[in-house]
$ cat work_33.cif   # mmCIF, C-alpha atoms and all ligand atoms
data_coords
loop_
_atom_site.label_atom_id
_atom_site.label_comp_id
_atom_site.auth_asym_id
_atom_site.auth_seq_id
_atom_site.Cartn_x
_atom_site.Cartn_y
_atom_site.Cartn_z
CA MET R 1 9.06 -11.98 -79.24
CA THR R 2 7.59 -13.58 -82.32
CA GLU R 3 6.56 -17.22 -82.05
CA LYS R 4 9.26 -19.70 -81.14
CA LYS R 5 10.31 -21.99 -83.99
CA ARG R 6 9.06 -25.50 -83.42
CA THR R 7 12.23 -27.60 -83.56
CA ALA R 8 12.93 -31.33 -83.69
CA ILE R 9 16.26 -32.89 -82.75
CA LEU R 10 17.35 -36.11 -84.48
CA ILE R 11 19.88 -38.31 -82.72
CA SER R 12 21.49 -41.72 -83.03
CA GLY R 13 23.53 -42.03 -79.84
CA ARG R 14 24.72 -40.30 -76.69
CA GLY R 15 22.83 -37.07 -77.33
CA SER R 16 25.09 -34.59 -75.56
CA ASN R 17 24.48 -31.96 -78.25
CA MET R 18 20.74 -32.61 -77.94
CA ARG R 19 21.04 -31.88 -74.22
CA SER R 20 22.84 -28.60 -74.89
CA LEU R 21 20.03 -27.54 -77.26
CA VAL R 22 17.29 -28.61 -74.85
CA GLU R 23 18.95 -26.70 -72.00
CA ALA R 24 19.44 -23.58 -74.11
CA ALA R 25 15.81 -23.68 -75.22
CA ARG R 26 14.65 -23.51 -71.59
CA VAL R 27 15.71 -19.86 -71.46
CA PRO R 28 12.53 -17.80 -71.88
CA ASP R 29 13.73 -15.57 -74.72
CA TYR R 30 15.30 -18.43 -76.75
CA PRO R 31 13.68 -18.31 -80.21
CA ALA R 32 13.31 -22.09 -80.66
CA GLU R 33 11.37 -24.66 -78.66
CA ILE R 34 12.19 -28.35 -78.74
CA VAL R 35 8.92 -30.08 -79.57
CA LEU R 36 10.22 -33.52 -80.54
CA VAL R 37 13.29 -35.74 -80.19
CA ILE R 38 13.62 -38.65 -82.61
CA ALA R 39 16.20 -41.44 -82.50
CA ASN R 40 16.72 -43.89 -85.34
CA ARG R 41 18.17 -46.44 -82.93
CA PRO R 42 16.31 -47.91 -79.94
CA ASP R 43 19.56 -48.09 -77.94
CA ALA R 44 20.40 -44.38 -78.36
CA ALA R 45 21.30 -43.21 -74.83
CA GLY R 46 19.99 -39.74 -75.57
CA ILE R 47 16.44 -40.96 -76.02
CA ALA R 48 16.32 -42.24 -72.43
CA TRP R 49 17.49 -38.82 -71.22
CA ALA R 50 14.82 -37.10 -73.32
CA VAL R 51 12.07 -39.34 -71.92
CA GLU R 52 13.31 -38.82 -68.33
CA HIS R 53 13.17 -35.09 -68.90
CA GLY R 54 9.61 -35.20 -70.15
CA LEU R 55 10.35 -34.33 -73.76
CA PRO R 56 8.19 -35.77 -76.53
CA ALA R 57 10.54 -38.48 -77.77
CA VAL R 58 10.12 -41.33 -80.23
CA VAL R 59 12.24 -44.06 -81.71
CA ILE R 60 11.82 -44.66 -85.42
CA ASP R 61 14.13 -47.57 -86.05
CA HIS R 62 15.40 -47.42 -89.62
CA LYS R 63 15.89 -51.20 -89.50
CA ASP R 64 12.11 -51.61 -89.46
CA TYR R 65 11.83 -50.20 -92.98
CA ALA R 66 12.75 -51.78 -96.28
CA SER R 67 14.14 -48.62 -97.84
CA ARG R 68 15.52 -45.23 -96.89
CA ALA R 69 12.46 -43.62 -98.48
CA ASP R 70 10.06 -45.75 -96.39
CA PHE R 71 11.91 -44.77 -93.22
CA GLU R 72 11.81 -41.10 -94.18
CA ARG R 73 8.08 -41.22 -94.89
CA VAL R 74 7.49 -42.21 -91.27
CA LEU R 75 10.02 -39.65 -90.06
CA GLN R 76 8.32 -36.94 -92.10
CA ALA R 77 4.90 -37.91 -90.76
CA ALA R 78 6.19 -37.59 -87.17
CA LEU R 79 7.68 -34.18 -87.93
CA ASP R 80 4.47 -33.02 -89.60
CA THR R 81 2.28 -34.27 -86.76
CA SER R 82 4.28 -32.17 -84.31
CA GLY R 83 4.20 -29.12 -86.58
CA VAL R 84 8.00 -29.04 -86.82
CA GLU R 85 9.52 -26.02 -88.59
CA LEU R 86 13.23 -26.63 -87.99
CA VAL R 87 15.24 -29.86 -87.74
CA ALA R 88 18.54 -30.05 -85.85
CA LEU R 89 20.66 -33.15 -86.49
CA ALA R 90 22.77 -33.97 -83.43
CA GLY R 91 24.90 -37.02 -84.00
CA PHE R 92 22.31 -38.44 -86.39
CA MET R 93 24.20 -41.17 -88.23
CA ARG R 94 21.94 -41.78 -91.17
CA LEU R 95 22.31 -40.43 -94.69
CA MET R 96 19.14 -38.86 -96.04
CA THR R 97 17.71 -38.99 -99.54
CA PRO R 98 18.07 -35.88 -101.71
CA GLU R 99 14.24 -35.60 -101.64
CA PHE R 100 14.12 -35.43 -97.83
CA VAL R 101 17.01 -32.96 -97.73
CA ALA R 102 15.32 -30.81 -100.40
CA HIS R 103 12.07 -30.77 -98.41
CA TRP R 104 13.97 -29.32 -95.41
CA HIS R 105 16.15 -26.98 -97.48
CA ASP R 106 17.45 -24.20 -95.20
CA ARG R 107 15.32 -25.60 -92.38
CA MET R 108 17.63 -28.46 -91.35
CA ILE R 109 20.97 -27.93 -89.62
CA ASN R 110 23.79 -30.25 -88.54
CA ILE R 111 26.88 -30.12 -86.37
CA HIS R 112 30.09 -31.74 -87.55
CA PRO R 113 33.21 -31.95 -85.38
CA SER R 114 35.68 -30.40 -87.83
CA LEU R 115 36.32 -27.04 -89.36
CA LEU R 116 34.53 -27.75 -92.64
CA PRO R 117 35.27 -28.07 -95.48
CA SER R 118 38.20 -29.99 -93.94
CA PHE R 119 37.79 -33.54 -92.67
CA LYS R 120 34.32 -34.54 -93.76
CA GLY R 121 32.88 -37.93 -92.98
CA LEU R 122 33.84 -40.45 -90.33
CA HIS R 123 37.00 -40.49 -88.19
CA THR R 124 37.23 -36.74 -88.46
CA HIS R 125 39.44 -36.34 -85.36
CA GLU R 126 41.85 -38.99 -86.64
CA GLN R 127 41.91 -37.16 -89.98
CA ALA R 128 42.78 -33.86 -88.25
CA ILE R 129 45.56 -35.44 -86.18
CA ALA R 130 46.95 -37.28 -89.23
CA ALA R 131 47.00 -34.03 -91.21
CA GLY R 132 48.98 -32.32 -88.43
CA VAL R 133 46.70 -29.29 -88.21
CA LYS R 134 47.33 -27.11 -85.17
CA ILE R 135 43.77 -25.81 -84.87
CA ALA R 136 40.61 -27.93 -85.10
CA GLY R 137 37.00 -27.32 -84.24
CA CYS R 138 33.40 -27.81 -85.23
CA THR R 139 30.92 -26.44 -87.74
CA VAL R 140 27.17 -25.90 -87.75
CA HIS R 141 25.79 -25.82 -91.28
CA PHE R 142 22.59 -26.09 -93.27
CA VAL R 143 22.21 -29.62 -94.58
CA ARG R 144 22.63 -30.38 -98.26
CA ALA R 145 22.45 -33.73 -100.05
CA GLU R 146 26.21 -34.20 -100.07
CA MET R 147 27.45 -35.37 -96.66
CA ASP R 148 28.90 -32.69 -94.35
CA SER R 149 28.42 -29.93 -96.87
CA GLY R 150 26.16 -26.91 -96.96
CA PRO R 151 26.23 -23.23 -96.05
CA ILE R 152 28.21 -22.65 -92.84
CA ILE R 153 26.36 -20.89 -90.02
CA ALA R 154 28.95 -20.91 -87.23
CA GLN R 155 32.26 -22.47 -86.30
CA ALA R 156 34.34 -22.79 -83.13
CA ALA R 157 38.04 -23.58 -82.86
CA VAL R 158 40.35 -25.24 -80.34
CA PRO R 159 44.09 -25.97 -80.37
CA VAL R 160 45.39 -29.41 -81.31
CA LEU R 161 48.12 -30.58 -78.94
CA SER R 162 51.06 -32.78 -79.96
CA SER R 163 49.99 -35.22 -77.26
CA ASP R 164 46.39 -35.45 -78.54
CA THR R 165 44.70 -38.73 -79.29
CA SER R 166 41.44 -38.72 -81.21
CA GLU R 167 39.68 -39.09 -77.82
CA THR R 168 41.31 -36.07 -76.16
CA LEU R 169 40.78 -33.94 -79.26
CA ALA R 170 37.15 -35.08 -79.56
CA ALA R 171 36.53 -34.15 -75.92
CA ARG R 172 38.03 -30.68 -76.39
CA ILE R 173 35.94 -30.09 -79.52
CA LEU R 174 32.77 -31.46 -77.89
CA GLU R 175 32.97 -28.72 -75.24
CA VAL R 176 32.78 -26.03 -77.90
CA GLU R 177 30.10 -27.95 -79.81
CA HIS R 178 27.89 -27.56 -76.76
CA GLN R 179 28.41 -23.80 -76.90
CA VAL R 180 28.20 -23.16 -80.61
CA TYR R 181 25.24 -25.40 -81.50
CA PRO R 182 22.75 -23.58 -79.24
CA PHE R 183 24.19 -20.29 -80.50
CA ALA R 184 23.75 -21.31 -84.15
CA LEU R 185 20.21 -22.60 -83.61
CA ARG R 186 19.40 -19.28 -81.97
CA LEU R 187 20.65 -17.40 -85.06
CA VAL R 188 18.63 -19.59 -87.42
CA ALA R 189 15.44 -19.56 -85.35
CA ALA R 190 15.64 -15.80 -84.89
CA GLY R 191 16.10 -15.25 -88.62
CA GLN R 192 19.60 -13.82 -88.10
CA ALA R 193 21.30 -16.33 -90.41
CA ARG R 194 20.32 -15.33 -93.94
CA ARG R 195 21.49 -17.45 -96.82
CA ASP R 196 23.04 -15.60 -99.73
CA GLY R 197 23.97 -18.06 -102.46
CA GLU R 198 25.81 -20.86 -100.70
CA LYS R 199 27.03 -18.59 -97.89
CA VAL R 200 25.29 -17.50 -94.72
CA VAL R 201 25.26 -13.82 -93.78
CA ILE R 202 25.00 -13.31 -90.03
CA SER R 203 23.31 -10.27 -88.58
CA SER R 204 24.86 -10.49 -85.14
CA ASP R 205 28.06 -9.07 -83.73
CA VAL R 206 31.26 -10.93 -84.53
CA ASN R 207 34.17 -10.19 -82.21
CA GLU R 208 36.81 -9.43 -84.79
CA THR R 209 39.49 -9.17 -82.13
CA ASN R 210 39.23 -12.91 -81.33
CA ARG R 211 42.50 -14.69 -82.04
CA LEU R 212 43.64 -18.26 -81.45
CA TYR R 213 47.33 -19.10 -81.85
CA SER R 214 48.41 -22.70 -81.78
CA PRO R 215 51.08 -23.19 -80.59
CA GLY R 216 50.79 -20.07 -78.47
CA ILE R 217 53.12 -17.24 -79.37
C1 LIG R 301 29.28 -34.97 -82.08
O1 LIG R 301 30.67 -34.88 -82.07
C2 LIG R 301 28.72 -34.35 -83.34
O2 LIG R 301 29.45 -33.26 -83.78
C3 LIG R 301 28.81 -35.48 -84.34
O3 LIG R 301 28.51 -36.62 -83.60
C4 LIG R 301 28.80 -36.42 -82.22
C5 LIG R 301 27.53 -36.66 -81.49
O4 LIG R 301 27.68 -36.57 -80.09
N1 LIG R 301 27.95 -35.21 -85.47
P1 LIG R 301 26.41 -36.45 -79.19
O5 LIG R 301 25.50 -37.61 -79.51
O6 LIG R 301 25.77 -35.12 -79.46
O7 LIG R 301 26.94 -36.54 -77.77
#
$ encode --input "work_33.cif" --output "structure tokens"
Amino acid sequence: MTEKKRTAILISGRGSNMRSLVEAARVPDYPAEIVLVIANRPDAAGIAWAVEHGLPAVVIDHKDYASRADFERVLQAALDTSGVELVALAGFMRLMTPEFVAHWHDRMINIHPSLLPSFKGLHTHEQAIAAGVKIAGCTVHFVRAEMDSGPIIAQAAVPVLSSDTSETLAARILEVEHQVYPFALRLVAAGQARRDGEKVVISSDVNETNRLYSPGI
């Protein structure tokens, strides 16, 4: 295999998606290695997990910096020091400047718990329930300056039940997030997700017989 892509994961909280990426990257033929975990909040639960598991992990508290650009300068320095080639945002709740996003163009990915382009931003599960959609899911995409936009790499879908609350729907989606994020990072790190305009062309098998009916028929 060619060299593994040196990957950083940026978190702000619980870090369950980070854990799914770290666990996937332990598999010998996985094309990415997690070389750094960064949290922008000292109380992010995920950072404690990363430290316990011996990962290089740092807190760069955005509150310590006067501006977004100052914060990003320190972030960038940490990424550079570790020779990071790919950045995976995993519940990273901080908007980035267009300059930072441009620097990581096609080298920074994010997971959002909706089937984009629907339900961008906060309270995405509430938005899905309020809209009455019968299928919801999550999206892994390349990051662009506009929030929750950018070429889509992979998506996963789950049914929405009439009895769902935002919590039950979030939990159902989170399960597929933990499957699809490692899968999408694998595609990107292996060079199997090629951008063509603002779309991503995948050179990997897609099971075209997959169907999800909601309600079931
Ligand atoms: C996930 O639902 C992710 O899609 C969204 O924020 C949540 C983070 O959860 N961007 P975790 O910190 O990965 O557990």
$ atom_distance --input "work_33.cif" --atom1 "CA of Met108 (chain R)" --atom2 "CA of Arg195 (chain R)"
12.9 Å
$ residues_around --input "work_33.cif" --residues "Ala24 (chain R)" --least-positions-apart "5" --cutoff "9 Å" --atoms "all atoms listed in the file" --output "JSON list (two decimals) with C-alpha atoms, in the coordinates of the input"
[["chain", "number", "residue", "atom", "x", "y", "z"],
["R", 19, "ARG", "CA", 21.04, -31.88, -74.22],
["R", 30, "TYR", "CA", 15.30, -18.43, -76.75],
["R", 182, "PRO", "CA", 22.75, -23.58, -79.24],
["R", 183, "PHE", "CA", 24.19, -20.29, -80.50],
["R", 186, "ARG", "CA", 19.40, -19.28, -81.97]]
$ residues_around --input "work_33.cif" --residues "Leu86 (chain R)" --least-positions-apart "4" --cutoff "7 Å" --atoms "only C-alpha atoms" --output "JSON, numbers by chain"
{"R": [5, 6, 7, 8, 107, 108]}
$ write_last_selection --input "work_33.cif" --atoms "C-alpha atoms" --output "mmCIF file, in the frame of the given file"
data_model
loop_
_atom_site.group_PDB
_atom_site.id
_atom_site.type_symbol
_atom_site.label_atom_id
_atom_site.label_comp_id
_atom_site.auth_asym_id
_atom_site.auth_seq_id
_atom_site.Cartn_x
_atom_site.Cartn_y
_atom_site.Cartn_z
ATOM 1 C CA LYS R 5 10.310 -21.990 -83.990
ATOM 2 C CA ARG R 6 9.060 -25.500 -83.420
ATOM 3 C CA THR R 7 12.230 -27.600 -83.560
ATOM 4 C CA ALA R 8 12.930 -31.330 -83.690
ATOM 5 C CA ARG R 107 15.320 -25.600 -92.380
ATOM 6 C CA MET R 108 17.630 -28.460 -91.350
#
$ residues_around --input "work_33.cif" --residues "Asp43 (chain R)" --least-positions-apart "2" --cutoff "12 Å" --atoms "all atoms listed in the file" --output "list in words"
Ile11, Ser12, Gly13, Arg14, Gly15, Ala39, Asn40, Arg41, Ala45, Gly46, Ile47, Ala48, Trp49, Val58, Val59, Ile60 and Asp61 of chain R
$ residues_near_point --input "work_33.cif" --point "(8.2, -29.2, -79.4)" --cutoff "8 Å" --atoms "only C-alpha atoms" --output "ChimeraX atom specification"
/R:6-8,33-36,55-56,82,84
$ residues_near_point --input "work_33.cif" --point "(24.9, -35.2, -96.0)" --cutoff "10 Å" --atoms "all atoms listed in the file" --output "PDB file with C-alpha atoms, keeping the file's coordinate frame"
ATOM      1  CA  MET R  93      24.200 -41.170 -88.230  1.00  0.00           C
ATOM      2  CA  ARG R  94      21.940 -41.780 -91.170  1.00  0.00           C
ATOM      3  CA  LEU R  95      22.310 -40.430 -94.690  1.00  0.00           C
ATOM      4  CA  MET R  96      19.140 -38.860 -96.040  1.00  0.00           C
ATOM      5  CA  THR R  97      17.710 -38.990 -99.540  1.00  0.00           C
ATOM      6  CA  PRO R  98      18.070 -35.880-101.710  1.00  0.00           C
ATOM      7  CA  VAL R 101      17.010 -32.960 -97.730  1.00  0.00           C
ATOM      8  CA  ASN R 110      23.790 -30.250 -88.540  1.00  0.00           C
ATOM      9  CA  LYS R 120      34.320 -34.540 -93.760  1.00  0.00           C
ATOM     10  CA  GLY R 121      32.880 -37.930 -92.980  1.00  0.00           C
ATOM     11  CA  PHE R 142      22.590 -26.090 -93.270  1.00  0.00           C
ATOM     12  CA  VAL R 143      22.210 -29.620 -94.580  1.00  0.00           C
ATOM     13  CA  ARG R 144      22.630 -30.380 -98.260  1.00  0.00           C
ATOM     14  CA  ALA R 145      22.450 -33.730-100.050  1.00  0.00           C
ATOM     15  CA  GLU R 146      26.210 -34.200-100.070  1.00  0.00           C
ATOM     16  CA  MET R 147      27.450 -35.370 -96.660  1.00  0.00           C
ATOM     17  CA  ASP R 148      28.900 -32.690 -94.350  1.00  0.00           C
ATOM     18  CA  SER R 149      28.420 -29.930 -96.870  1.00  0.00           C
ATOM     19  CA  GLY R 150      26.160 -26.910 -96.960  1.00  0.00           C
TER      20      GLY R 150
END
$ closest_residue --input "work_33.cif" --among "R:Ile129, R:Val206, R:Leu79, R:Leu21" --to "Glu167 (chain R)" --atoms "only C-alpha atoms"
R:Ile129
$ residues_near_ligand --input "work_33.cif" --ligand "ligand LIG 301 (chain R)" --cutoff "6 Å" --atoms "only C-alpha atoms and all ligand atoms" --output "MDAnalysis selection string"
chainID R and resid 13:18 90:91 111:113 174
$ residues_around --input "work_33.cif" --residues "Gln192 (chain R)" --least-positions-apart "5" --cutoff "10 Å" --atoms "only C-alpha atoms" --output "number ranges by chain"
R: 153, 184-187, 200-204
$ closest_residue --input "work_33.cif" --among "R:Ala102, R:Ile38, R:Val22, R:Ala50" --to "Ala77 (chain R)" --atoms "only C-alpha atoms"
R:Ile38
$ closest_residue --input "work_33.cif" --among "R:Glu52, R:Glu85, R:Glu99, R:Glu175" --to "Ala69 (chain R)" --atoms "only C-alpha atoms"
R:Glu99
$ atom_distance --input "work_33.cif" --atom1 "CA of Phe100 (chain R)" --atom2 "CA of Ala156 (chain R)"
28.0 Å
$ closest_residue --input "work_33.cif" --among "R:Pro151, R:Val27, R:Val140, R:Arg194" --to "His178 (chain R)" --atoms "only C-alpha atoms"
R:Val140
$ build_atoms --input "work_33.cif" --residues "region 36-47 of chain R" --atoms "all heavy atoms" --output "PDB file, keeping the file's coordinate frame"
ATOM      1  N   LEU R  36      10.135 -32.085 -80.243  1.00  0.00           N
ATOM      2  CA  LEU R  36      10.220 -33.520 -80.540  1.00  0.00           C
ATOM      3  C   LEU R  36      11.692 -33.949 -80.612  1.00  0.00           C
ATOM      4  O   LEU R  36      12.528 -33.208 -81.150  1.00  0.00           O
ATOM      5  CB  LEU R  36       9.549 -33.783 -81.906  1.00  0.00           C
ATOM      6  CG  LEU R  36       9.404 -35.214 -82.385  1.00  0.00           C
ATOM      7  CD1 LEU R  36       8.590 -36.060 -81.407  1.00  0.00           C
ATOM      8  CD2 LEU R  36       8.747 -35.248 -83.771  1.00  0.00           C
ATOM      9  N   VAL R  37      11.978 -35.108 -80.023  1.00  0.00           N
ATOM     10  CA  VAL R  37      13.290 -35.740 -80.190  1.00  0.00           C
ATOM     11  C   VAL R  37      13.043 -37.088 -80.855  1.00  0.00           C
ATOM     12  O   VAL R  37      12.171 -37.849 -80.419  1.00  0.00           O
ATOM     13  CB  VAL R  37      14.008 -35.936 -78.834  1.00  0.00           C
ATOM     14  CG1 VAL R  37      15.325 -36.686 -79.029  1.00  0.00           C
ATOM     15  CG2 VAL R  37      14.258 -34.593 -78.149  1.00  0.00           C
ATOM     16  N   ILE R  38      13.784 -37.370 -81.904  1.00  0.00           N
ATOM     17  CA  ILE R  38      13.620 -38.650 -82.610  1.00  0.00           C
ATOM     18  C   ILE R  38      14.979 -39.345 -82.669  1.00  0.00           C
ATOM     19  O   ILE R  38      15.993 -38.719 -83.012  1.00  0.00           O
ATOM     20  CB  ILE R  38      13.107 -38.452 -84.054  1.00  0.00           C
ATOM     21  CG1 ILE R  38      11.747 -37.736 -84.056  1.00  0.00           C
ATOM     22  CG2 ILE R  38      12.983 -39.805 -84.773  1.00  0.00           C
ATOM     23  CD1 ILE R  38      11.196 -37.447 -85.465  1.00  0.00           C
ATOM     24  N   ALA R  39      14.987 -40.627 -82.328  1.00  0.00           N
ATOM     25  CA  ALA R  39      16.200 -41.440 -82.500  1.00  0.00           C
ATOM     26  C   ALA R  39      15.906 -42.512 -83.533  1.00  0.00           C
ATOM     27  O   ALA R  39      14.798 -43.047 -83.580  1.00  0.00           O
ATOM     28  CB  ALA R  39      16.603 -42.090 -81.186  1.00  0.00           C
ATOM     29  N   ASN R  40      16.900 -42.818 -84.351  1.00  0.00           N
ATOM     30  CA  ASN R  40      16.720 -43.890 -85.340  1.00  0.00           C
ATOM     31  C   ASN R  40      17.254 -45.212 -84.820  1.00  0.00           C
ATOM     32  O   ASN R  40      17.298 -46.186 -85.561  1.00  0.00           O
ATOM     33  CB  ASN R  40      17.402 -43.540 -86.667  1.00  0.00           C
ATOM     34  CG  ASN R  40      18.908 -43.550 -86.548  1.00  0.00           C
ATOM     35  OD1 ASN R  40      19.462 -43.009 -85.589  1.00  0.00           O
ATOM     36  ND2 ASN R  40      19.579 -44.151 -87.507  1.00  0.00           N
ATOM     37  N   ARG R  41      17.682 -45.196 -83.535  1.00  0.00           N
ATOM     38  CA  ARG R  41      18.170 -46.440 -82.930  1.00  0.00           C
ATOM     39  C   ARG R  41      17.541 -46.575 -81.546  1.00  0.00           C
ATOM     40  O   ARG R  41      17.631 -45.639 -80.733  1.00  0.00           O
ATOM     41  CB  ARG R  41      19.687 -46.411 -82.778  1.00  0.00           C
ATOM     42  CG  ARG R  41      20.451 -46.291 -84.088  1.00  0.00           C
ATOM     43  CD  ARG R  41      21.912 -46.148 -83.773  1.00  0.00           C
ATOM     44  NE  ARG R  41      22.310 -47.239 -82.894  1.00  0.00           N
ATOM     45  CZ  ARG R  41      23.275 -48.103 -83.174  1.00  0.00           C
ATOM     46  NH1 ARG R  41      23.939 -47.993 -84.296  1.00  0.00           N
ATOM     47  NH2 ARG R  41      23.588 -49.064 -82.328  1.00  0.00           N
ATOM     48  N   PRO R  42      16.960 -47.740 -81.248  1.00  0.00           N
ATOM     49  CA  PRO R  42      16.310 -47.910 -79.940  1.00  0.00           C
ATOM     50  C   PRO R  42      17.291 -47.812 -78.775  1.00  0.00           C
ATOM     51  O   PRO R  42      16.903 -47.471 -77.666  1.00  0.00           O
ATOM     52  CB  PRO R  42      15.687 -49.309 -80.017  1.00  0.00           C
ATOM     53  CG  PRO R  42      16.088 -49.899 -81.313  1.00  0.00           C
ATOM     54  CD  PRO R  42      16.792 -48.892 -82.139  1.00  0.00           C
ATOM     55  N   ASP R  43      18.588 -48.107 -79.032  1.00  0.00           N
ATOM     56  CA  ASP R  43      19.560 -48.090 -77.940  1.00  0.00           C
ATOM     57  C   ASP R  43      20.256 -46.732 -77.791  1.00  0.00           C
ATOM     58  O   ASP R  43      21.223 -46.602 -77.044  1.00  0.00           O
ATOM     59  CB  ASP R  43      20.609 -49.189 -78.155  1.00  0.00           C
ATOM     60  CG  ASP R  43      21.347 -49.024 -79.486  1.00  0.00           C
ATOM     61  OD1 ASP R  43      20.949 -48.171 -80.306  1.00  0.00           O
ATOM     62  OD2 ASP R  43      22.332 -49.761 -79.712  1.00  0.00           O
ATOM     63  N   ALA R  44      19.770 -45.701 -78.474  1.00  0.00           N
ATOM     64  CA  ALA R  44      20.400 -44.380 -78.360  1.00  0.00           C
ATOM     65  C   ALA R  44      20.240 -43.866 -76.919  1.00  0.00           C
ATOM     66  O   ALA R  44      19.121 -43.701 -76.437  1.00  0.00           O
ATOM     67  CB  ALA R  44      19.755 -43.406 -79.345  1.00  0.00           C
ATOM     68  N   ALA R  45      21.364 -43.625 -76.251  1.00  0.00           N
ATOM     69  CA  ALA R  45      21.300 -43.210 -74.830  1.00  0.00           C
ATOM     70  C   ALA R  45      20.530 -41.900 -74.678  1.00  0.00           C
ATOM     71  O   ALA R  45      19.851 -41.686 -73.675  1.00  0.00           O
ATOM     72  CB  ALA R  45      22.712 -43.071 -74.275  1.00  0.00           C
ATOM     73  N   GLY R  46      20.641 -41.053 -75.661  1.00  0.00           N
ATOM     74  CA  GLY R  46      19.990 -39.740 -75.570  1.00  0.00           C
ATOM     75  C   GLY R  46      18.479 -39.819 -75.476  1.00  0.00           C
ATOM     76  O   GLY R  46      17.840 -38.932 -74.903  1.00  0.00           O
ATOM     77  N   ILE R  47      17.901 -40.879 -76.013  1.00  0.00           N
ATOM     78  CA  ILE R  47      16.440 -40.960 -76.020  1.00  0.00           C
ATOM     79  C   ILE R  47      15.937 -41.212 -74.600  1.00  0.00           C
ATOM     80  O   ILE R  47      14.908 -40.668 -74.182  1.00  0.00           O
ATOM     81  CB  ILE R  47      15.916 -42.007 -77.039  1.00  0.00           C
ATOM     82  CG1 ILE R  47      14.512 -41.649 -77.514  1.00  0.00           C
ATOM     83  CG2 ILE R  47      15.965 -43.416 -76.539  1.00  0.00           C
ATOM     84  CD1 ILE R  47      14.453 -40.571 -78.538  1.00  0.00           C
TER      85      ILE R  47
END
